[in-house]
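A quick write-up on the structure given underneath.
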Amino acid sequence: MRTAYCVDTVRAAERDLMARLPEGALMQRAAAGLAAACADLVGRVYGRRVVLLVGSGDNGGDALYAGARLARRGAGVTAVQLAPGRTHAGGLAALRRAGGRTVAPEDAAGPIRRADLVLDGIVGIGGRGGLREDAARLAALADGSRAAVVAVDLPSGVEADTGEVRGAAVRADLTVTFGTHKPGLLVDPAREYAGSVRLVDIGLDLPGEPDLEALQHADVTRLLPVPGAESDKYRRGVVGIAAGSARYPGAAVLAVAGALRGGAGAVRYVGPAGHAVLARYPETLVSDQGPERAGRVQAWVVGPGAGDDAGTVAQVLASDVPVLIDADGLRLADVGAVRGRTAPTLMTPHAGEAAALLGVSREEVEAGRLAAVRELAGRYGAAVLLKGATTVVAGAGGGGVVRVNPTGTAWLATAGSGDVLSGLSGSLLAAGLSAVDAGSVGAYLHGLAGRFAAVGAPVGAHEVAEAVAGAWRDVVRG
Ligand SMILES: NC(=O)C1=CN([C@@H]2O[C@H](COP(=O)(O)OP(=O)(O)OC[C@H]3O[C@@H](n4cnc5c(N)ncnc54)[C@H](O)[C@@H]3O)[C@@H](O)[C@H]2O)[C@@H](O)CC1
Ligand SMILES: [K+]
């Protein structure tokens, strides 16, 4: 599991550790890791031109000490001091001893243009809001140069705890972060500014529960349902799909396609698109009765392509098994009915649907995904999976750790892709996974399947469904 912790927790852990270590030892660990990552990135250090963008805090100190290490290995190092009177004194002295020089921000354009490597030490976890004007100018110069840009701890200007970017920020090729990932490094839009991320262990002792976690192959393998010798199709779970309409039969077909790949022993379809479903997937159990009379299931998926069929949504919500609500179902679901459920509920909106439920703009949801997913999970008392550039999953109530999906691909932003995900996650619910596990494992497999199906080209949702089995095998093989 990859984990991320918010700034307050990082600061507390740093305080504890610093109290046990000689002064400055922690910063030296950070700087050593940073210099090593820079050396790996540029290949050969000797003769390289390195520019350090140095703010007024310890983030600038890290950059200066790392710069000193690179200078000792033969790099030409220039530090741009954003706040000359408040630059980290020890770091500055170390750089000067190693032969580095300093310039004022107004003289930085030339050195940045000629640089091979720019280290962004403007602000780290002490940053508030987007970059101030002088820092923003340097960030733009770095962006326009041919230099590789390495962010120290975080790209300056992004919000460490939320992943929000509310103003100008540095765009990095690599971020070298210390002690732990910060939530912003895993969540868009900030994640995009970070480039690839390298974690340097500085020995922090962090609490058991992180603020964010991202599944990895081994975690997914542990969670995937595996049929035992005594399993029959009913013990493996039956997932009910209440989806599609005369107008949108395709949504039903795609949700069933996802459900067939999710580990449930059987898929029961309820709704007006039975012919279309059977034509494509003859193994489906089809019923034209409502959900209440369709026979026993271990989980329901309701909503994809449902149009205005509020009655079906209400019937499903009244059941005593786990329910996944998607698409039209989200709009039709009564908040009180969802809150009153005793079995788990998982809602799977995209940003536009979440915005409509929260009464805010889509842009606001996209800018602040973590806040939005927690808010929605709190309002509905349900687990919520918010789809998008970074898919995030919050547990019922919205408190506690949020899961973030690391496997997504932009090619998944295609019609019907969400229907496949709801079938897949619903199937995992029926197979016995918790709402958060079903959502996050479903998103993981779906993202991987999207990558496998797309391999750099546009892809249709049915191809994503077909690629799920390959993704499952890839995960299990490790
Ligand atoms: N505390 C520790 O033990 C360690 C800290 N380390 C480094 O120290 C950093 C934190 O240092 P600090 O607490 O000094 O804080 P930072 O260096 O992150 O930033 C604080 C300074 O930046 C200025 N600032 C804030 N927002 C700004 C903005 N939007 N635009 C321009 N300037 C802005 C503030 O005026 C303040 O002087 C970490 O990110 C990490 O890089 C590492 O050396 C590891 C050990
Ligand atoms: K930084």
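Identifiers in this document derive from the order of the structure tokens: chains are assigned A, B, ..., residues are numbered from 1 separately in each chain, and ligands are numbered from 1 in order of occurrence.
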
Checklist line | Contact residues around Ala68 of chain A with only C-alpha atoms at 12 Å, ignoring same-chain residues under 5 positions, as a PyMOL selection string | finding: chain A and resi 28+31-32+34-35+50-52+61-63+73-79+90-101

Next item on the list: Grab me every residue within 10 Å of ligand 2, counting only C-alpha atoms and all ligand atoms, and send it over as a PyMOL selection string.
Entry: chain A and resi 53-55+58-60+62-63+119-127+150-158+169-170+172+175-177+194

Margin query: When you count only C-alpha atoms, which of these residues is closest to Arg369 of chain A: A:Asp40, A:Asp188, A:Asp288, A:Asp143?
Written below: A:Asp188

Check: DSSP on the backbone: what in segment 14-110 of chain A comes out alpha helix (DSSP H), as a PyMOL selection string?
Finding: chain A and resi 14-20+25-42+58-72+89-97+109-110

Written selection (C-alpha atoms) as a PDB file, in the first residue's frame:
```pdb
ATOM      1  CA  GLU A  14       9.533  15.410  12.290  1.00  0.00           C
ATOM      2  CA  ARG A  15       9.500  17.063  15.709  1.00  0.00           C
ATOM      3  CA  ASP A  16       9.710  13.702  17.471  1.00  0.00           C
ATOM      4  CA  LEU A  17      12.565  12.562  15.303  1.00  0.00           C
ATOM      5  CA  MET A  18      14.484  15.837  15.436  1.00  0.00           C
ATOM      6  CA  ALA A  19      14.434  15.733  19.218  1.00  0.00           C
ATOM      7  CA  ARG A  20      16.381  12.468  19.070  1.00  0.00           C
ATOM      8  CA  ALA A  25      20.736  15.704  10.731  1.00  0.00           C
ATOM      9  CA  LEU A  26      17.265  15.388   9.231  1.00  0.00           C
ATOM     10  CA  MET A  27      17.896  18.045   6.631  1.00  0.00           C
ATOM     11  CA  GLN A  28      21.147  16.316   5.701  1.00  0.00           C
ATOM     12  CA  ARG A  29      19.272  13.067   5.126  1.00  0.00           C
ATOM     13  CA  ALA A  30      16.797  14.914   2.912  1.00  0.00           C
ATOM     14  CA  ALA A  31      19.538  16.720   0.999  1.00  0.00           C
ATOM     15  CA  ALA A  32      21.562  13.536   0.462  1.00  0.00           C
ATOM     16  CA  GLY A  33      18.517  11.757  -0.981  1.00  0.00           C
ATOM     17  CA  LEU A  34      17.685  14.757  -3.124  1.00  0.00           C
ATOM     18  CA  ALA A  35      21.215  15.039  -4.531  1.00  0.00           C
ATOM     19  CA  ALA A  36      21.281  11.310  -5.301  1.00  0.00           C
ATOM     20  CA  ALA A  37      17.956  11.545  -7.161  1.00  0.00           C
ATOM     21  CA  CYS A  38      19.249  14.522  -9.162  1.00  0.00           C
ATOM     22  CA  ALA A  39      22.417  12.627 -10.062  1.00  0.00           C
ATOM     23  CA  ASP A  40      20.339   9.654 -11.245  1.00  0.00           C
ATOM     24  CA  LEU A  41      18.213  11.965 -13.357  1.00  0.00           C
ATOM     25  CA  VAL A  42      21.053  13.751 -15.168  1.00  0.00           C
ATOM     26  CA  ASP A  58      13.755  24.938   5.091  1.00  0.00           C
ATOM     27  CA  ASN A  59      12.636  23.815   1.634  1.00  0.00           C
ATOM     28  CA  GLY A  60      15.236  26.258   0.305  1.00  0.00           C
ATOM     29  CA  GLY A  61      17.697  24.806   2.839  1.00  0.00           C
ATOM     30  CA  ASP A  62      17.249  21.335   1.352  1.00  0.00           C
ATOM     31  CA  ALA A  63      17.908  22.716  -2.121  1.00  0.00           C
ATOM     32  CA  LEU A  64      21.048  24.551  -0.947  1.00  0.00           C
ATOM     33  CA  TYR A  65      22.579  21.528   0.809  1.00  0.00           C
ATOM     34  CA  ALA A  66      21.770  19.295  -2.178  1.00  0.00           C
ATOM     35  CA  GLY A  67      23.274  21.959  -4.452  1.00  0.00           C
ATOM     36  CA  ALA A  68      26.442  21.930  -2.332  1.00  0.00           C
ATOM     37  CA  ARG A  69      26.691  18.152  -2.771  1.00  0.00           C
ATOM     38  CA  LEU A  70      26.296  18.488  -6.554  1.00  0.00           C
ATOM     39  CA  ALA A  71      28.873  21.321  -6.637  1.00  0.00           C
ATOM     40  CA  ARG A  72      31.371  19.101  -4.809  1.00  0.00           C
ATOM     41  CA  ALA A  89      22.076  30.383   6.551  1.00  0.00           C
ATOM     42  CA  GLY A  90      23.706  26.963   6.970  1.00  0.00           C
ATOM     43  CA  GLY A  91      22.678  25.856   3.505  1.00  0.00           C
ATOM     44  CA  LEU A  92      23.940  29.056   1.919  1.00  0.00           C
ATOM     45  CA  ALA A  93      27.310  28.762   3.674  1.00  0.00           C
ATOM     46  CA  ALA A  94      27.624  25.121   2.573  1.00  0.00           C
ATOM     47  CA  LEU A  95      26.909  26.043  -1.046  1.00  0.00           C
ATOM     48  CA  ARG A  96      29.438  28.847  -0.995  1.00  0.00           C
ATOM     49  CA  ARG A  97      32.084  26.588   0.557  1.00  0.00           C
ATOM     50  CA  ALA A 109      16.687  34.411 -16.618  1.00  0.00           C
ATOM     51  CA  GLY A 110      20.081  33.705 -18.237  1.00  0.00           C
TER      52      GLY A 110
END
```

At a cut-off of 9 Å, using only C-alpha atoms, what residues contact His446 of chain A? Leave out same-chain residues fewer than 4 positions from it and give the result as a PDB file with N, CA and C atoms, in the first residue's frame.
```pdb
ATOM      1  N   GLY A 258     -19.302  -5.647 -17.475  1.00  0.00           N
ATOM      2  CA  GLY A 258     -18.404  -5.436 -16.342  1.00  0.00           C
ATOM      3  C   GLY A 258     -18.679  -6.451 -15.241  1.00  0.00           C
ATOM      4  N   THR A 407      -4.243   3.618 -11.114  1.00  0.00           N
ATOM      5  CA  THR A 407      -4.103   2.963 -12.431  1.00  0.00           C
ATOM      6  C   THR A 407      -4.826   3.667 -13.578  1.00  0.00           C
ATOM      7  N   GLY A 408      -5.452   4.774 -13.319  1.00  0.00           N
ATOM      8  CA  GLY A 408      -6.301   5.372 -14.363  1.00  0.00           C
ATOM      9  C   GLY A 408      -5.551   5.757 -15.629  1.00  0.00           C
ATOM     10  N   LEU A 412      -9.827   6.304 -20.559  1.00  0.00           N
ATOM     11  CA  LEU A 412     -11.062   5.785 -19.961  1.00  0.00           C
ATOM     12  C   LEU A 412     -12.195   6.799 -20.000  1.00  0.00           C
ATOM     13  N   SER A 417     -17.823   3.783 -20.320  1.00  0.00           N
ATOM     14  CA  SER A 417     -16.757   3.277 -19.467  1.00  0.00           C
ATOM     15  C   SER A 417     -17.221   3.178 -18.001  1.00  0.00           C
ATOM     16  N   VAL A 420     -19.333   0.035 -17.283  1.00  0.00           N
ATOM     17  CA  VAL A 420     -18.502  -1.165 -17.072  1.00  0.00           C
ATOM     18  C   VAL A 420     -17.987  -1.188 -15.637  1.00  0.00           C
ATOM     19  N   LEU A 421     -17.527  -0.018 -15.151  1.00  0.00           N
ATOM     20  CA  LEU A 421     -17.005   0.059 -13.779  1.00  0.00           C
ATOM     21  C   LEU A 421     -18.102  -0.268 -12.768  1.00  0.00           C
ATOM     22  N   LEU A 424     -18.652  -3.983 -12.718  1.00  0.00           N
ATOM     23  CA  LEU A 424     -17.480  -4.655 -12.149  1.00  0.00           C
ATOM     24  C   LEU A 424     -17.446  -4.509 -10.623  1.00  0.00           C
ATOM     25  N   VAL A 441     -10.988  -1.639  -5.667  1.00  0.00           N
ATOM     26  CA  VAL A 441     -10.461  -2.758  -6.468  1.00  0.00           C
ATOM     27  C   VAL A 441     -11.061  -2.697  -7.884  1.00  0.00           C
ATOM     28  N   GLY A 442     -12.345  -2.372  -7.974  1.00  0.00           N
ATOM     29  CA  GLY A 442     -12.978  -2.223  -9.295  1.00  0.00           C
ATOM     30  C   GLY A 442     -12.274  -1.145 -10.115  1.00  0.00           C
ATOM     31  N   GLY A 450      -8.216  -0.490 -18.912  1.00  0.00           N
ATOM     32  CA  GLY A 450      -8.232   0.631 -19.864  1.00  0.00           C
ATOM     33  C   GLY A 450      -6.874   0.811 -20.514  1.00  0.00           C
ATOM     34  N   ARG A 451      -5.826   0.713 -19.701  1.00  0.00           N
ATOM     35  CA  ARG A 451      -4.465   0.859 -20.254  1.00  0.00           C
ATOM     36  C   ARG A 451      -4.153  -0.277 -21.207  1.00  0.00           C
ATOM     37  N   VAL A 464     -12.768  -2.257 -22.948  1.00  0.00           N
ATOM     38  CA  VAL A 464     -12.270  -2.175 -21.565  1.00  0.00           C
ATOM     39  C   VAL A 464     -12.793  -3.372 -20.779  1.00  0.00           C
ATOM     40  N   ALA A 465     -14.085  -3.668 -20.952  1.00  0.00           N
ATOM     41  CA  ALA A 465     -14.670  -4.821 -20.238  1.00  0.00           C
ATOM     42  C   ALA A 465     -13.924  -6.106 -20.622  1.00  0.00           C
ATOM     43  N   ALA A 467     -10.937  -6.433 -21.511  1.00  0.00           N
ATOM     44  CA  ALA A 467      -9.552  -6.445 -21.017  1.00  0.00           C
ATOM     45  C   ALA A 467      -9.461  -6.665 -19.503  1.00  0.00           C
ATOM     46  N   VAL A 468     -10.607  -6.730 -18.820  1.00  0.00           N
ATOM     47  CA  VAL A 468     -10.560  -6.868 -17.352  1.00  0.00           C
ATOM     48  C   VAL A 468      -9.912  -8.201 -16.941  1.00  0.00           C
ATOM     49  N   ALA A 471      -6.276  -7.845 -16.941  1.00  0.00           N
ATOM     50  CA  ALA A 471      -5.829  -7.021 -15.812  1.00  0.00           C
ATOM     51  C   ALA A 471      -5.819  -7.854 -14.535  1.00  0.00           C
TER      52      ALA A 471
END
```
